[in-house]
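**Q** Handing you this structure, nothing more for now.
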Amino acid sequence: MMGSTHSRSGSTAWAAVAAAAPLAGIHPHWPAMLAGTLACSGAALLPDLDHPEATPAQAFGIVSEAVAKIVHRVSGGHRHATHSLLFVAAVFLATRLGVWQFGPWFAVPLLFVLCTFGIRAMHLTPGISMFTAAIATGVFWFVLHGDYGWLPVAVGVGTLAHLLGDCLTKEGCPLLWPRRQHYMIPVIQRTGNKVEQLLFGPLFAIATVALFIFAR
C-alpha cells in the first residue's frame, strides 16, 4: 500500500481502539485520543523503514535515509523482518520500556517522529511537515500532562495495521518471520492504483470520523 493509505489505516485503527476501550472499562481522554491518532498514523509507516525510498526514510533527510539503509540491510530487505508479528511485538515492548524508564524524555521525541511521519504521509502540510509536527507535539506535551501510557498501544496498533494492509496486496507479508512464507489476500494487485486511491483512502477517513463520534 501507499504511505498515505497506511497512515489513514493507522488513524482508523486507533479510532477503533478508542471506540472499543470503554467496553473494557477504559475511558481514554480526548488529548490522548487525538495524540494517539497522529502517533498511530505515523507508527503505521514504521515497517517501511526497511525501504530507503519510503516515506519514513525521506522524512528527516540524510539521517532517516541512513537509518533506513541500516534497517534494510539488517532486516533482510523490504518486507522481511519488519513486516512480521515479531516486529510488532518488538516495537510495542521497546516503546513500553522506553515510556516506563524515561517518561516524557522518551515519549515526546518519539511522538514528534511519529507525527512527522503521519503528517508527511497524509500530505497535511506539504513542505513543512516537521514544523507542523513540532507544533502538534508541543501542544500534546502541554495538554497530556505526562500521560503517555497509551503510546505503546498506538505504536503496536499502527504497526499491526500496516501488516494487515500489506497482506491485502499480492506480495503479502511474512507474518511468522523468520519463516519465509508470505500471507496474503490479494485484494490490491498493484499499490497506488485507483482502487486504493479512490476507495480505501476516503473509506478510512470516513471510518475514523465515525468511530470517534461513536467513542464520545
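FYI, nothing fancy with the C-alpha cells labels: chains A, B, ... in order, residues from 1 per chain, ligands from 1 as they appear.
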Would you pick out the contacts of Phe117 of chain A at 6 Å or less, using only C-alpha atoms, so that residues sharing its chain but fewer than 2 positions from it are not included, and give the list as number ranges by chain?
**A** A: 42, 56, 114-115, 119-120
**Q** Quick one: write out the picked residues with C-alpha atoms as a JSON list (two decimals), in the first residue's frame?
**A**
```json
[["chain", "number", "residue", "atom", "x", "y", "z"],
["A", 42, "GLY", "CA", 2.94, 7.51, 11.92],
["A", 56, "PRO", "CA", 9.75, 7.40, 6.81],
["A", 114, "LEU", "CA", 5.63, 9.63, 14.53],
["A", 115, "CYS", "CA", 3.69, 12.87, 13.97],
["A", 119, "ILE", "CA", 1.65, 14.38, 8.61],
["A", 120, "ARG", "CA", 4.10, 13.87, 5.77]]
```
**Q** Tell me, which residues of segment 27-195 of chain A carry DSSP helix (DSSP H, G or I), written as a PyMOL selection string?
**A** chain A and resi 30-43+46-50+55-58+62-75+81-83+85-102+104-121+129-144+151-166+194-195
**Q** May I have the selected residues written with C-alpha atoms, as a tab-separated table (two decimals), in the first residue's frame?
**A**
```
chain	number	residue	atom	x	y	z
A	30	TRP	CA	-9.60	13.37	24.31
A	31	PRO	CA	-5.98	14.62	24.34
A	32	ALA	CA	-4.73	11.02	24.34
A	33	MET	CA	-7.23	10.06	21.65
A	34	LEU	CA	-6.16	12.91	19.38
A	35	ALA	CA	-2.43	12.48	20.02
A	36	GLY	CA	-2.85	8.75	19.51
A	37	THR	CA	-4.45	9.34	16.12
A	38	LEU	CA	-1.35	11.06	14.77
A	39	ALA	CA	1.03	8.72	16.59
A	40	CYS	CA	-0.75	5.65	15.25
A	41	SER	CA	-0.83	7.07	11.72
A	42	GLY	CA	2.94	7.51	11.92
A	43	ALA	CA	3.53	4.14	13.52
A	46	LEU	CA	7.38	2.00	10.75
A	47	PRO	CA	7.60	-1.34	8.89
A	48	ASP	CA	8.62	0.57	5.75
A	49	LEU	CA	11.81	1.76	7.43
A	50	ASP	CA	13.25	-1.22	5.56
A	55	THR	CA	8.05	7.97	3.43
A	56	PRO	CA	9.75	7.40	6.81
A	57	ALA	CA	13.14	7.13	5.12
A	58	GLN	CA	12.65	10.54	3.50
A	62	ILE	CA	20.06	12.07	5.30
A	63	VAL	CA	19.52	10.97	8.91
A	64	SER	CA	16.38	8.92	8.23
A	65	GLU	CA	17.83	7.72	4.92
A	66	ALA	CA	20.86	6.35	6.77
A	67	VAL	CA	18.63	4.64	9.34
A	68	ALA	CA	16.53	3.10	6.57
A	69	LYS	CA	19.60	1.75	4.79
A	70	ILE	CA	20.77	0.11	8.02
A	71	VAL	CA	17.32	-1.37	8.71
A	72	HIS	CA	17.11	-2.57	5.10
A	73	ARG	CA	20.39	-4.44	5.43
A	74	VAL	CA	19.83	-5.84	8.92
A	75	SER	CA	16.23	-6.93	8.31
A	81	ALA	CA	11.73	-8.87	9.37
A	82	THR	CA	9.97	-5.52	9.81
A	83	HIS	CA	6.81	-6.92	8.24
A	85	LEU	CA	4.35	-10.07	14.08
A	86	LEU	CA	7.69	-10.33	15.84
A	87	PHE	CA	8.45	-6.75	14.78
A	88	VAL	CA	5.05	-5.59	16.07
A	89	ALA	CA	5.80	-7.15	19.44
A	90	ALA	CA	9.33	-5.70	19.46
A	91	VAL	CA	8.30	-2.09	18.82
A	92	PHE	CA	5.44	-2.36	21.32
A	93	LEU	CA	7.71	-3.69	24.06
A	94	ALA	CA	10.51	-1.23	23.24
A	95	THR	CA	8.09	1.70	23.43
A	96	ARG	CA	6.58	0.44	26.66
A	97	LEU	CA	10.03	0.05	28.20
A	98	GLY	CA	11.10	3.49	27.00
A	99	VAL	CA	7.99	5.21	28.39
A	100	TRP	CA	8.32	3.32	31.69
A	101	GLN	CA	12.03	4.06	32.14
A	102	PHE	CA	12.33	7.58	30.76
A	104	PRO	CA	8.44	12.23	28.61
A	105	TRP	CA	12.16	12.27	27.76
A	106	PHE	CA	11.49	9.22	25.57
A	107	ALA	CA	7.82	9.72	24.70
A	108	VAL	CA	7.95	13.32	23.43
A	109	PRO	CA	10.75	12.81	20.85
A	110	LEU	CA	9.09	9.59	19.68
A	111	LEU	CA	5.75	11.37	19.37
A	112	PHE	CA	7.43	14.08	17.27
A	113	VAL	CA	8.93	11.48	14.92
A	114	LEU	CA	5.63	9.63	14.53
A	115	CYS	CA	3.69	12.87	13.97
A	116	THR	CA	6.18	13.86	11.28
A	117	PHE	CA	5.73	10.50	9.54
A	118	GLY	CA	1.94	10.73	9.65
A	119	ILE	CA	1.65	14.38	8.61
A	120	ARG	CA	4.10	13.87	5.77
A	121	ALA	CA	2.42	10.70	4.50
A	129	SER	CA	5.75	18.50	7.91
A	130	MET	CA	8.43	18.72	10.62
A	131	PHE	CA	7.38	22.23	11.60
A	132	THR	CA	3.73	21.20	11.90
A	133	ALA	CA	4.72	18.06	13.81
A	134	ALA	CA	6.79	20.14	16.22
A	135	ILE	CA	3.82	22.42	16.95
A	136	ALA	CA	1.46	19.45	17.35
A	137	THR	CA	3.92	17.69	19.67
A	138	GLY	CA	4.29	20.85	21.76
A	139	VAL	CA	0.52	21.15	22.13
A	140	PHE	CA	0.20	17.49	23.06
A	141	TRP	CA	3.03	17.82	25.59
A	142	PHE	CA	1.15	20.68	27.23
A	143	VAL	CA	-2.29	19.03	27.38
A	144	LEU	CA	-1.25	15.44	28.13
A	151	LEU	CA	1.77	5.44	23.35
A	152	PRO	CA	2.97	1.78	23.26
A	153	VAL	CA	-0.54	0.72	22.25
A	154	ALA	CA	-0.62	3.32	19.47
A	155	VAL	CA	2.75	2.10	18.16
A	156	GLY	CA	1.69	-1.55	18.27
A	157	VAL	CA	-1.71	-0.95	16.69
A	158	GLY	CA	-0.30	1.23	13.93
A	159	THR	CA	2.42	-1.27	13.06
A	160	LEU	CA	-0.09	-4.11	13.00
A	161	ALA	CA	-2.40	-2.07	10.75
A	162	HIS	CA	0.46	-1.76	8.26
A	163	LEU	CA	0.95	-5.52	8.15
A	164	LEU	CA	-2.75	-6.19	7.67
A	165	GLY	CA	-2.82	-3.66	4.83
A	166	ASP	CA	0.15	-5.24	3.10
A	194	LYS	CA	-7.22	3.75	-8.45
A	195	VAL	CA	-8.95	1.31	-6.09
```
**Q** With distances taken over only C-alpha atoms, which of A:Trp150, A:Trp177, A:Phe60, A:Tyr183 is nearest to His80 of chain A?
**A**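 Closest candidate: A:Trp177.
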**Q** Quick one: pull the distance between atom CA of Ser4 of chain A and atom CA of Pro52 of chain A, Å, one decimal.
**A**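 Those two atoms sit 16.7 Å apart.
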